[in-house]
Amino acid sequence: MSITASELLAVMASRVLCDDTTVFAGVGVPLLAAALAQQRHAPRLTMVIEGGIIGPRIKPGRLPISTNEMRAGHRAQMLPGITDTFLFAQRGFLDYGFMGGAQIDQYGNVNTSVLGTDYWKPKVRLPGTGGANDIASLCREVIIVTAHERRRFVPKVDFVTSPAWLDGGDSRARSGLRFGGVSRVVTTLGVFGFEPATRRMRVEALHAGVTREQVQDHTGFPLLDAPEITETAPPAADELEMLRALDPERRFLG
Amino acid sequence: MAGEVGDPHLRPADWDFIAARRRLESKAKSASDKLTSVEDAVARVADGDRIAVGGCLFSRTPMALVREILRQHRTRLTLVRNLMCTEGEFMMAAGAVERVMTAWMSIGLPWGVSKIMRHYVESGAVALEEWSHLALGLRFRAAAMGVPFVPSLTMLGSDLVDVGGMKTVIDPYSGESLGAVPALFPEVAILHVHRADRFGNAQIDGYPHMDADIAGAATTVLMTTEEIIPEDETRRHPDRTIIPGFLVDALVHVPFGSYPHECYGLYEADYDHFGDYTSAIDARGPQAVVDYLERYVHAPASYDDYLELFGGERLARQRALARELTA
């Protein structure tokens with residue numbers, strides 16, 4: 001069977017996670033990516049879920065819909081309160097955080113709050129930050145995982161829900177955010193990073209069959225290039241097999 | 001004015017720790033029997049109150065108390081909950097709330113962005129004041145600590161700062177600038193727990209969510225419980241008590257008190273019910289929620305009559321699913 005966009009994202013995101021680390025994972029593709037990494041190359045990875053869950057073992061076919069329901073905490077090692085769970089991240093115990101978003105700009109800032117220019121009179125009211133702002137503020141390294149669409153990759157987000165590099169340069173640190181920041185953006189077209197001085201988004205790797213022009217066509221701002229642009233290895237048979245076993249109902253894999 | 005709603009300086013009652021402390025000092029904190037009816041418990045809620053809701057999203061929502069607040073037609077409420085679900089939609093459609101404070105509102109990914117939230121917030125009928133998940137948790141914690149704010153590294157640099165009006169504070173030791181997350185002292189907390197004795201000493205299984213901080217932050221605490229246990233049982237496992245009785249004002253015994261939301265280990269959330277509910281909204285908009293409230297909130301004379309609408313078979317199925325997940 002052919003590979004869906006969600007499968008591609010889950011596999012590519014799972015490869016970012018190193019062993020002997022901790023990851024703040026939301027429901028859906030991020031949780032699948034973390035679970036896949038744990039099974040395949042990072043057995044000493046600990047998952048943390050914002051509803052107050054440390055070290056769950058996700059039950060295949062019973063994937064959680066929210067971050068704080070029984071399914072999310074299946075066979076967990078600890079169920080702290082929600083505030084205390086985030087405080088582990090504020091203290092510095094969380095290496096990675098996964099995020100998605102309705103809008104992403106060239107500095108990696110994400111909007112999940114409102115479309116339109118007046119917060120109190122929004123054109124479209126979105127669900128809101130949930131824990132995304134906290135993950136963006138407090139994890140050592142944040143990875144955005146998203147479908148790559150021009151309407152999503154905008155020059156400037158309508159509202160900064162989750163701060164990445166703000167206006168670029170050292171603006172993040174100047175705002176009081178002393179730690180973390182978005183390190184990578186994993187999309188359906190490639191893997192992106194940020195140029196160290198300006199903090200503008202740049203192309204680091206393209207998925208097989210994707211061209212540099214195609215990526216720019218799907219992006220609402222000019223992308224920079226990393227010194228070397230590589231090609232990602234396509235999802236391997238064992239990666240897909242493990243991933244599909246986690247979501248046999250295809251609730252999140254599409 | 002919606003534009004002013006988010007400015008905490010216009011609502012010092014949110015963070016005024018001195019006034020909040022005085023309210024508690026002048027209140028009876030009796031180790032007496034708190035057992036009462038849901039009607040009597042909710043009689044303590046006034047129009048215009050700020051109500052903090054325990055649980056999180058569709059987990060351990062105090063549904064029996066939410067229903068009774070709607071049955072008693074309270075208005076001009078502010079509803080505060082870290083992640084807001086159908087209870088927020090009910091309050092919006094009933095015209096009970098003018099403001100909600102939350103980090104996220106909808107039911108969950110499979111059911112999409114809440115059309116009810118969109119309708120009431122985009123039209124300006126209800127103001128949605130957004131705080132980050134941790135910041136809202138710290139607002140309850142600061143209040144439970146009895147202080148006006150706690151310093152934090154979260155929410156800085158984002159546009160959420162202007163929505164809620166969070167200020168910064170200079171660390172007197174290092175000189176670093178930190179977020180000063182303001183306390184939030186709600187008039188009322190509504191909570192649902194697994195078990196409590198008649199004095200209100202309460203125990204929760206599974207996710208504690210923010211309930212203990214919410215109980216400490218509020219002036220008045222209304223609680224429902226799946227089970228009433230003998231005092232001796234509390235004393236045998238005092239380490240399991242997370243809310244002491246002297247915080248609690250009214251206690252009501254309500255099995256399945258969160259349904260159709262989940263209660264950890266006891267029953268799973270009724271996803272089929274959510275699906276039917278959102279399908280009706282897709283077809284008929286906010287009127288579908290008004291009709292839902294007529295059928296599920298106003299028509300049933302008692303909570304047992306309400307549960308009857310779901311049927312014993314459905315409840316038994318949800319119990320079995322919960323056991324399977326937490327075994």
# chains A, B, ... in the order shown; residues from 1 in each chain; ligands from 1
call {"tool": "closest_atom_pairs", "arguments": {"of": "chain B", "to": "chain A", "cutoff": "8 Å", "atoms": "only C-alpha atoms", "output": "Markdown table"}}
result
| residue | atom | partner | partner_atom | distance |
| --- | --- | --- | --- | --- |
| B:Ala2 | CA | A:Trp120 | CA | 6.2 |
| B:Gly3 | CA | A:Trp120 | CA | 6.1 |
| B:Cys56 | CA | A:Asn68 | CA | 6.9 |
| B:Leu57 | CA | A:Asn68 | CA | 7.6 |
| B:Phe58 | CA | A:Glu69 | CA | 7.3 |
| B:Ser59 | CA | A:Glu69 | CA | 6.0 |
| B:Asn82 | CA | A:Gly130 | CA | 7.8 |
| B:Leu83 | CA | A:Gly130 | CA | 6.9 |
| B:Ala103 | CA | A:Gly130 | CA | 4.7 |
| B:Trp104 | CA | A:Gly128 | CA | 4.5 |
| B:Met105 | CA | A:Pro127 | CA | 4.9 |
| B:Ser106 | CA | A:Pro127 | CA | 6.1 |
| B:Gly108 | CA | A:Ser66 | CA | 6.1 |
| B:Leu109 | CA | A:Ile65 | CA | 6.6 |
| B:Pro110 | CA | A:Ile65 | CA | 7.5 |
| B:Val113 | CA | A:Pro127 | CA | 6.2 |
| B:Ser114 | CA | A:Pro127 | CA | 7.4 |
| B:Met117 | CA | A:Arg125 | CA | 7.6 |
| B:Arg118 | CA | A:Arg125 | CA | 5.4 |
| B:Val121 | CA | A:Arg125 | CA | 7.0 |
| B:Glu122 | CA | A:Pro122 | CA | 5.6 |
| B:Ser123 | CA | A:Lys121 | CA | 7.5 |
| B:Gly124 | CA | A:Lys121 | CA | 6.6 |
| B:Ala127 | CA | A:Trp120 | CA | 7.1 |
| B:Leu128 | CA | A:Trp120 | CA | 7.9 |
| B:Glu130 | CA | A:Gly128 | CA | 7.1 |
| B:Trp131 | CA | A:Thr129 | CA | 7.8 |
| B:Ser132 | CA | A:Asn133 | CA | 6.0 |
| B:His133 | CA | A:Gly131 | CA | 4.9 |
| B:Leu134 | CA | A:Thr83 | CA | 5.7 |
| B:Gly137 | CA | A:Thr83 | CA | 5.3 |
| B:Leu138 | CA | A:Thr83 | CA | 6.9 |
| B:Leu153 | CA | A:Leu177 | CA | 6.7 |
| B:Thr154 | CA | A:Ser137 | CA | 5.5 |
| B:Met155 | CA | A:Asn133 | CA | 6.2 |
| B:Leu156 | CA | A:Gly176 | CA | 6.2 |
| B:Gly157 | CA | A:Ser175 | CA | 5.0 |
| B:Ser158 | CA | A:Val160 | CA | 5.2 |
| B:Asp159 | CA | A:Val160 | CA | 5.1 |
| B:Leu160 | CA | A:Thr161 | CA | 6.4 |
| B:Val163 | CA | A:Tyr119 | CA | 7.7 |
| B:Glu176 | CA | A:Gly176 | CA | 7.9 |
| B:Ser177 | CA | A:Gly176 | CA | 6.0 |
| B:Leu178 | CA | A:Gly176 | CA | 6.6 |
| B:Gly206 | CA | A:Leu79 | CA | 6.5 |
| B:Tyr207 | CA | A:Leu79 | CA | 5.8 |
| B:Pro208 | CA | A:Gly81 | CA | 5.1 |
| B:His209 | CA | A:Gly81 | CA | 4.8 |
| B:Met210 | CA | A:Gly81 | CA | 6.2 |
| B:Glu262 | CA | A:Glu69 | CA | 7.4 |
| B:Tyr264 | CA | A:Met70 | CA | 6.1 |
| B:Gly265 | CA | A:Met70 | CA | 7.5 |
| B:Glu268 | CA | A:Met70 | CA | 7.4 |
| B:Ala322 | CA | A:Met70 | CA | 7.5 |
| B:Leu325 | CA | A:His74 | CA | 6.3 |
| B:Thr326 | CA | A:His74 | CA | 6.6 |
call {"tool": "select_by_dssp", "arguments": {"residues": "segment 47-139 of chain A", "states": "alpha helix (DSSP H)", "output": "count of residues only"}}
result
17
call {"tool": "residues_around", "arguments": {"residues": "Glu141 of chain A", "least_positions_apart": "5", "cutoff": "7 Å", "atoms": "only C-alpha atoms", "output": "mmCIF file with C-alpha atoms, in the first residue's frame"}}
result
data_model
loop_
_atom_site.group_PDB
_atom_site.id
_atom_site.type_symbol
_atom_site.label_atom_id
_atom_site.label_comp_id
_atom_site.auth_asym_id
_atom_site.auth_seq_id
_atom_site.Cartn_x
_atom_site.Cartn_y
_atom_site.Cartn_z
ATOM 1 C CA ASP A 95 14.562 17.370 25.742
ATOM 2 C CA TYR A 96 12.071 17.438 22.884
ATOM 3 C CA GLY A 97 8.627 18.858 22.313
ATOM 4 C CA GLY A 180 14.922 26.206 23.842
ATOM 5 C CA GLY A 181 13.465 27.191 20.499
ATOM 6 C CA VAL A 182 12.332 25.365 17.372
ATOM 7 C CA SER A 183 15.198 23.321 15.961
#
call {"tool": "atom_distance", "arguments": {"atom1": "atom CA of Arg15 of chain A", "atom2": "atom CA of Arg151 of chain A"}}
result
26.6 Å
call {"tool": "residues_around", "arguments": {"residues": "Val248 of chain B", "least_positions_apart": "3", "cutoff": "6 Å", "atoms": "only C-alpha atoms", "output": "PyMOL selection string"}}
result
chain B and resi 200+221+245
call {"tool": "residues_around", "arguments": {"residues": "Thr211 of chain A", "least_positions_apart": "4", "cutoff": "12 Å", "atoms": "only C-alpha atoms", "output": "ChimeraX atom specification"}}
result
/A:189-190,203,205-207,215-218,229-231
call {"tool": "write_last_selection", "arguments": {"atoms": "C-alpha atoms", "output": "mmCIF file, in the first residue's frame"}}
result
data_model
loop_
_atom_site.group_PDB
_atom_site.id
_atom_site.type_symbol
_atom_site.label_atom_id
_atom_site.label_comp_id
_atom_site.auth_asym_id
_atom_site.auth_seq_id
_atom_site.Cartn_x
_atom_site.Cartn_y
_atom_site.Cartn_z
ATOM 1 C CA LEU A 189 8.043 17.774 1.653
ATOM 2 C CA GLY A 190 11.244 17.834 3.682
ATOM 3 C CA VAL A 203 15.880 23.855 3.691
ATOM 4 C CA ALA A 205 16.692 17.946 3.495
ATOM 5 C CA LEU A 206 14.095 17.025 0.895
ATOM 6 C CA HIS A 207 12.048 13.832 0.782
ATOM 7 C CA VAL A 215 9.101 23.352 -1.690
ATOM 8 C CA GLN A 216 9.323 27.071 -2.412
ATOM 9 C CA ASP A 217 6.015 26.939 -4.328
ATOM 10 C CA HIS A 218 4.336 25.543 -1.226
ATOM 11 C CA ILE A 229 20.771 19.981 1.186
ATOM 12 C CA THR A 230 20.422 16.222 1.579
ATOM 13 C CA GLU A 231 17.732 13.735 0.634
#
call {"tool": "atom_distance", "arguments": {"atom1": "atom CA of Tyr306 of chain B", "atom2": "atom CA of Ala94 of chain B"}}
result
18.1 Å
